[in-house]
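Here is the structure we will look at.
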Amino acid sequence: MRHLLSISDLSKDEAVLILDTAIEMARASDGPMKKLPTLRGRTIVNLFAEDSTRTRISFEAAAKRLSADVINFGAKGSSLSKGESLKDTALTLQAMGADAVIIRHSASGAPVRLAESQWMTGSVINAGDGTHEHPSQALLDAFTIRKHCSRGGADLTGLRVGIVGDILHSRVARSNVLLLSLLGARVTLIAPPTLQPFGVENWPVELSYDFDSVISDLDAVMMLRVQQERMSDLFFPNAREYSRYFGLNKDRMNMMKRDSIVMHPGPMNRGLEITADVADSARSVIVEQVSNGVSVRMAILYLLLAGDNS
Amino acid sequence: MSISYILKNATLPDGVQKNIKISNGIIAQIGSSVSEDGCDVIDLSHSIVLPGLVDLHTHLREPGREDSETVLSGSRAAAKGGFTAISAMANTSPVADTAGVVEQVFRLGQEAGLCDVFPIGAVTQGLEGEKLSEMGAMANSIAAVRVFSDDGHCVSDALVMRRALEYVKQFGGLIAQHAQEPRLTVGSQMNEGIVSSKLGLKGWPAIAEEAIIARDVLLADHVSSRLHICHVTTAGGVEIIRWAKARGIDVTAEVTPHHLLLTDELASSYDPIYKVNPPLRTESDVMALRVALAEGIIDIVATDHAPHPAETKECEWQEASFGMLGLETALSIVQKTMVDTGLLNWAGVANRLSIAPARIGKYSEHGQSLEVGNFANLTVINPTQSWRVDRDLVASRSRNTPFHGMELPGVVTHTFFKGIPTLLDSKVSL
């Protein structure tokens, strides 16, 4: 494994290895010495061409706990905001000797371009590209589901996961569909027809327009953020109608089965796709997802970079 | 006095082997024994002679973007690809929406002297789709424009399209429509399908093309005018054109070489070399287009040669420009997809790449039959040889060919433009 661009790059064994390694990372982080010397002397660049708080900080924390040198390169105030091309940015990072680039970009496929263009030789980790994929988010979600719902299993066989909302524009949904089905879970996408991708019948999922009819069967309910601009693009009439049918409120949560969990990749629109009482309820693992994210990203960096300590 | 040439043992499109004498710009003699005295003799034992190829859809970028192509460099690419006539699309800067601009492009073509460059005039001022451009003035200019198109943009307003179709009847003009419903393709990046959904690239539904084709054949029928559909890409579009022709509607259609070969699967690389407008479609669309071209439902192949500078392709997919080079590879792609597959013989190729486009564009000096007294506009291809496409060796000023590295059948060895060899032994001569 040299890059992490898409979940489709992973075999089931590799995915399970990342999750198992993340457990070790979490254990190490909980110990007295938070920092591991594994990536000492390695340079990792956080190239965030699109605004992000939690993913950038999470990767930065992960890299620092592995003792790597971290360079943050954001959109604002950098050469990116002056219109520098991806190619020139990549050539610059190459010249500075980056061992890995963690890239967040608004253009789908930008990490693939970076990895396959021969502009740079380091590892490329996709931290979310356009409406394509967000593999590290899916891995931390799978980690969280496994921890709470799998009763000790290595994979997610037998579990049912619902992903609710704007599937069409969601990179989180694309990566999760690939990973959760790879790990044996049954995935149901719950969204109005306007927010389901063209040809979604060919995905390894079940489809529903009716949240209420499936919610009681789900072990995990993953709510997706709804972007405000979707309303002006005619995907649904207004926020109230969306919340009524696809939002997760207290009444709906009470239909969920025992021990099932509520997830959200953040940032949340409280009151739109999820109500405050649900987000702050005992079923909610939303805050825990964030801390799991650091462990999972440590595992990713470790497995990509520690192997070739030349 | 110009040099006379003998094309010895040349196979004509109908398969008969003859010797052809070219003299003073015309075909002077055809027969089994032609006197070779004082002539340069070219032995073409393994080659096919076609009437000079005619492209009804070329982007030359001059005036305005001479960094990506000029009329001269585009003419050189044309000669290399076997073309003796090309049609310069109107989306230059300034737009070719006045007699002044089309006369400039026409004159640059004459000065280049490698092929005829027939400017296409814009349908609407500035390609904005609102007010008709001065099509009469362009028709009556030295450039004698007969084909009008807002290519790159769809004439999407139904009333504007109706008026344009009616207006050009007075000088025998033709509207060439870029069929793309704009509201269904806002921000679209590639064919809407299984691949676009997986890649997270915004989809460009086939219906956006088909809806405009359907509307426009009905409009053309209603006002009894001629309509040409640029770059058809979908099986559904083919079916609408089939229906319209059966009904007697005066519609013609083109397909590009790249849509005869490439599919949307190529976008999985996110390499914008495969980004084009209209987008690459699915395998079943490609097969439907080939059959339609063989049947004549699609009348012609047109290149949509669209040069772009490197920096607009060496970037993220959604930032990249739409378009591909086409002139230098067109005939080889047609051999690969149509001739070698048994769908079309060389007489059919002569029709789809020369005779029919010349007829549609009213380019009377082109697409003539290979007979004594006709203009010596000729293309020679050796179909038994193959070649490897190298973007660093193209005659075009740009390098954005999606066929780089591909081994293609059919080497164009000679092009004669009104008796003058513009390509000799695969080398552009001017």
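Lettering and numbering for the structure tokens are positional, with chains as A, B, ... in the shown order, residues counted from 1 in each chain, and ligands counted from 1 in the shown order.
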So which residues of region 62-251 of chain B fall under strand (DSSP E) by DSSP, listed as a PyMOL selection string?
chain B and resi 83-88+116-119+147-148+174-177+190-191+203-204+227-229+251
Quick one: which chain A residues come within 8 Å of chain B, and what is the nearest atom pair for each with the distance in Å to one decimal, counting only C-alpha atoms, rows ordered by chain and ascending number, as a tab-separated table?
```
residue	atom	partner	partner_atom	distance
A:Ser85	CA	B:Cys315	CA	6.9
A:Leu86	CA	B:Cys315	CA	6.2
A:Lys87	CA	B:Cys315	CA	6.6
A:Ala107	CA	B:Gln318	CA	6.2
A:Ser108	CA	B:Gly200	CA	6.1
A:Gly109	CA	B:Tyr270	CA	5.7
A:Ala110	CA	B:Glu316	CA	5.5
A:Val112	CA	B:Tyr270	CA	7.0
A:Arg113	CA	B:Tyr270	CA	6.6
A:Gly130	CA	B:Gly200	CA	7.1
A:Thr131	CA	B:Gly200	CA	4.6
A:His132	CA	B:Gly200	CA	4.1
A:Glu133	CA	B:Gly200	CA	7.8
A:Leu168	CA	B:Ser197	CA	7.8
A:His169	CA	B:Gly200	CA	7.5
A:Arg171	CA	B:Gly200	CA	7.6
A:Arg174	CA	B:Lys198	CA	7.5
A:Pro197	CA	B:Ser197	CA	5.9
A:Phe198	CA	B:Gly193	CA	6.1
A:Gly199	CA	B:Ile194	CA	5.3
A:Val200	CA	B:Ile194	CA	7.6
A:Asn202	CA	B:Ile194	CA	7.6
```
In region 73-219 of chain A, what's alpha helix (DSSP H) per DSSP? Answer as a ChimeraX atom specification?
/A:86-95,110-116,135-149,171-182,211-214
Could you name the residues that touch Arg397 (chain B) at 7 Å or less, counting only C-alpha atoms, but leaving out those on the same chain fewer than 2 positions away, as an MDAnalysis selection string?
chainID B and resid 68:69 73 395 399
Those residues you just picked out, can you put them in a file as an mmCIF file, in the first residue's frame with C-alpha atoms?
```cif
data_model
loop_
_atom_site.group_PDB
_atom_site.id
_atom_site.type_symbol
_atom_site.label_atom_id
_atom_site.label_comp_id
_atom_site.auth_asym_id
_atom_site.auth_seq_id
_atom_site.Cartn_x
_atom_site.Cartn_y
_atom_site.Cartn_z
ATOM 1 C CA SER B 68 -2.984 26.892 -28.903
ATOM 2 C CA GLU B 69 -3.513 26.957 -32.688
ATOM 3 C CA SER B 73 -0.714 25.357 -37.768
ATOM 4 C CA ALA B 395 1.697 19.319 -36.527
ATOM 5 C CA ARG B 399 -0.584 18.309 -27.756
#
```
Would you pick out the contacts of Val205 (chain A) at 12 Å or less, using only C-alpha atoms, so that residues sharing its chain but fewer than 5 positions from it are not included, and give the list as a ChimeraX atom specification?
/A:160-163,173-174,176-182,184-190,196,199-200
Output N, CA and C atoms of each residue in that selection to a file, as an mmCIF file, in the first residue's frame.
```cif
data_model
loop_
_atom_site.group_PDB
_atom_site.id
_atom_site.type_symbol
_atom_site.label_atom_id
_atom_site.label_comp_id
_atom_site.auth_asym_id
_atom_site.auth_seq_id
_atom_site.Cartn_x
_atom_site.Cartn_y
_atom_site.Cartn_z
ATOM 1 N N ARG A 160 -26.483 -3.921 10.154
ATOM 2 C CA ARG A 160 -27.176 -3.064 9.186
ATOM 3 C C ARG A 160 -26.886 -1.601 9.492
ATOM 4 N N VAL A 161 -26.444 -0.894 8.484
ATOM 5 C CA VAL A 161 -26.100 0.514 8.655
ATOM 6 C C VAL A 161 -26.933 1.342 7.684
ATOM 7 N N GLY A 162 -27.568 2.389 8.199
ATOM 8 C CA GLY A 162 -28.298 3.317 7.340
ATOM 9 C C GLY A 162 -27.497 4.587 7.153
ATOM 10 N N ILE A 163 -27.404 5.044 5.912
ATOM 11 C CA ILE A 163 -26.754 6.334 5.634
ATOM 12 C C ILE A 163 -27.854 7.240 5.101
ATOM 13 N N ALA A 173 -20.370 9.263 2.111
ATOM 14 C CA ALA A 173 -21.258 8.153 1.753
ATOM 15 C C ALA A 173 -20.575 7.208 0.773
ATOM 16 N N ARG A 174 -19.909 7.762 -0.265
ATOM 17 C CA ARG A 174 -19.262 6.889 -1.258
ATOM 18 C C ARG A 174 -18.228 5.976 -0.610
ATOM 19 N N ASN A 176 -18.026 5.128 2.561
ATOM 20 C CA ASN A 176 -18.658 4.211 3.507
ATOM 21 C C ASN A 176 -19.377 3.062 2.819
ATOM 22 N N VAL A 177 -20.030 3.344 1.690
ATOM 23 C CA VAL A 177 -20.703 2.268 0.961
ATOM 24 C C VAL A 177 -19.679 1.200 0.580
ATOM 25 N N LEU A 178 -18.540 1.637 0.064
ATOM 26 C CA LEU A 178 -17.509 0.682 -0.357
ATOM 27 C C LEU A 178 -16.951 -0.095 0.831
ATOM 28 N N LEU A 179 -16.630 0.633 1.913
ATOM 29 C CA LEU A 179 -15.952 -0.019 3.037
ATOM 30 C C LEU A 179 -16.900 -0.898 3.843
ATOM 31 N N LEU A 180 -18.075 -0.390 4.165
ATOM 32 C CA LEU A 180 -18.998 -1.163 5.002
ATOM 33 C C LEU A 180 -19.443 -2.428 4.291
ATOM 34 N N SER A 181 -19.675 -2.332 2.981
ATOM 35 C CA SER A 181 -20.072 -3.547 2.260
ATOM 36 C C SER A 181 -18.884 -4.506 2.134
ATOM 37 N N LEU A 182 -17.670 -3.945 1.991
ATOM 38 C CA LEU A 182 -16.467 -4.791 1.962
ATOM 39 C C LEU A 182 -16.344 -5.584 3.262
ATOM 40 N N GLY A 184 -18.755 -6.556 5.121
ATOM 41 C CA GLY A 184 -19.855 -7.491 5.342
ATOM 42 C C GLY A 184 -21.139 -6.898 5.878
ATOM 43 N N ALA A 185 -21.176 -5.571 6.070
ATOM 44 C CA ALA A 185 -22.405 -4.959 6.577
ATOM 45 C C ALA A 185 -23.429 -4.802 5.453
ATOM 46 N N ARG A 186 -24.711 -4.769 5.824
ATOM 47 C CA ARG A 186 -25.775 -4.429 4.876
ATOM 48 C C ARG A 186 -26.007 -2.934 4.977
ATOM 49 N N VAL A 187 -25.856 -2.247 3.875
ATOM 50 C CA VAL A 187 -25.971 -0.784 3.891
ATOM 51 C C VAL A 187 -27.282 -0.373 3.228
ATOM 52 N N THR A 188 -28.015 0.505 3.890
ATOM 53 C CA THR A 188 -29.227 1.060 3.295
ATOM 54 C C THR A 188 -29.041 2.567 3.135
ATOM 55 N N LEU A 189 -29.264 3.053 1.937
ATOM 56 C CA LEU A 189 -29.199 4.496 1.695
ATOM 57 C C LEU A 189 -30.609 5.051 1.776
ATOM 58 N N ILE A 190 -30.764 6.074 2.606
ATOM 59 C CA ILE A 190 -32.085 6.646 2.826
ATOM 60 C C ILE A 190 -32.032 8.114 2.412
ATOM 61 N N GLN A 196 -30.242 10.838 -4.493
ATOM 62 C CA GLN A 196 -29.607 9.541 -4.733
ATOM 63 C C GLN A 196 -28.895 9.620 -6.087
ATOM 64 N N GLY A 199 -27.872 5.770 -11.215
ATOM 65 C CA GLY A 199 -27.329 4.416 -11.306
ATOM 66 C C GLY A 199 -27.036 3.777 -9.962
ATOM 67 N N VAL A 200 -27.591 4.358 -8.869
ATOM 68 C CA VAL A 200 -27.299 3.852 -7.521
ATOM 69 C C VAL A 200 -27.815 2.423 -7.342
#
```
Could you check the closest approach to Gly173 (chain B) for each of B:Lys362, B:Arg242, B:Lys275, B:His258 and tell me which residue wins, using only C-alpha atoms?
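Closest candidate: B:Lys362.
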Hey, what's within 9 Å of Val147 (chain B) if we count only C-alpha atoms and toss same-chain stuff fewer than 3 positions away? As a VMD selection string, please?
chain B and resid 56 87 118 to 122 139 173 to 176 360 to 362
Emit the selected residues as a PDB file, in the first residue's frame, including N, CA and C atoms.
```pdb
ATOM      1  N   LEU B  56     -16.054  19.343 -41.327  1.00  0.00           N
ATOM      2  CA  LEU B  56     -17.085  20.357 -41.130  1.00  0.00           C
ATOM      3  C   LEU B  56     -17.026  20.968 -39.724  1.00  0.00           C
ATOM      4  N   SER B  87     -13.322  23.541 -41.650  1.00  0.00           N
ATOM      5  CA  SER B  87     -14.318  24.569 -41.350  1.00  0.00           C
ATOM      6  C   SER B  87     -14.014  25.179 -39.994  1.00  0.00           C
ATOM      7  N   PHE B 118     -12.825  27.175 -44.566  1.00  0.00           N
ATOM      8  CA  PHE B 118     -14.141  27.799 -44.689  1.00  0.00           C
ATOM      9  C   PHE B 118     -14.623  28.210 -43.306  1.00  0.00           C
ATOM     10  N   PRO B 119     -14.738  29.519 -43.058  1.00  0.00           N
ATOM     11  CA  PRO B 119     -15.208  29.947 -41.738  1.00  0.00           C
ATOM     12  C   PRO B 119     -16.679  29.587 -41.540  1.00  0.00           C
ATOM     13  N   ILE B 120     -16.989  29.214 -40.310  1.00  0.00           N
ATOM     14  CA  ILE B 120     -18.380  29.042 -39.889  1.00  0.00           C
ATOM     15  C   ILE B 120     -18.751  30.297 -39.115  1.00  0.00           C
ATOM     16  N   GLY B 121     -19.898  30.875 -39.410  1.00  0.00           N
ATOM     17  CA  GLY B 121     -20.314  32.090 -38.730  1.00  0.00           C
ATOM     18  C   GLY B 121     -21.120  31.770 -37.479  1.00  0.00           C
ATOM     19  N   ALA B 122     -21.065  32.678 -36.516  1.00  0.00           N
ATOM     20  CA  ALA B 122     -21.875  32.501 -35.306  1.00  0.00           C
ATOM     21  C   ALA B 122     -23.341  32.725 -35.638  1.00  0.00           C
ATOM     22  N   ALA B 139     -22.674  35.737 -45.177  1.00  0.00           N
ATOM     23  CA  ALA B 139     -22.967  34.930 -46.374  1.00  0.00           C
ATOM     24  C   ALA B 139     -22.504  35.646 -47.636  1.00  0.00           C
ATOM     25  N   GLY B 173     -28.444  28.782 -46.311  1.00  0.00           N
ATOM     26  CA  GLY B 173     -27.577  28.494 -45.165  1.00  0.00           C
ATOM     27  C   GLY B 173     -28.040  27.281 -44.370  1.00  0.00           C
ATOM     28  N   LEU B 174     -27.206  26.943 -43.407  1.00  0.00           N
ATOM     29  CA  LEU B 174     -27.432  25.760 -42.587  1.00  0.00           C
ATOM     30  C   LEU B 174     -27.097  26.106 -41.138  1.00  0.00           C
ATOM     31  N   ILE B 175     -27.972  25.708 -40.233  1.00  0.00           N
ATOM     32  CA  ILE B 175     -27.645  25.876 -38.814  1.00  0.00           C
ATOM     33  C   ILE B 175     -27.106  24.556 -38.288  1.00  0.00           C
ATOM     34  N   ALA B 176     -25.892  24.618 -37.729  1.00  0.00           N
ATOM     35  CA  ALA B 176     -25.278  23.436 -37.116  1.00  0.00           C
ATOM     36  C   ALA B 176     -25.406  23.584 -35.601  1.00  0.00           C
ATOM     37  N   ILE B 360     -22.958  18.892 -47.619  1.00  0.00           N
ATOM     38  CA  ILE B 360     -23.665  19.579 -46.528  1.00  0.00           C
ATOM     39  C   ILE B 360     -23.174  21.018 -46.396  1.00  0.00           C
ATOM     40  N   GLY B 361     -21.837  21.219 -46.485  1.00  0.00           N
ATOM     41  CA  GLY B 361     -21.282  22.556 -46.357  1.00  0.00           C
ATOM     42  C   GLY B 361     -21.359  23.384 -47.627  1.00  0.00           C
ATOM     43  N   LYS B 362     -21.805  22.748 -48.728  1.00  0.00           N
ATOM     44  CA  LYS B 362     -21.847  23.392 -50.053  1.00  0.00           C
ATOM     45  C   LYS B 362     -20.457  23.841 -50.496  1.00  0.00           C
TER      46      LYS B 362
END
```
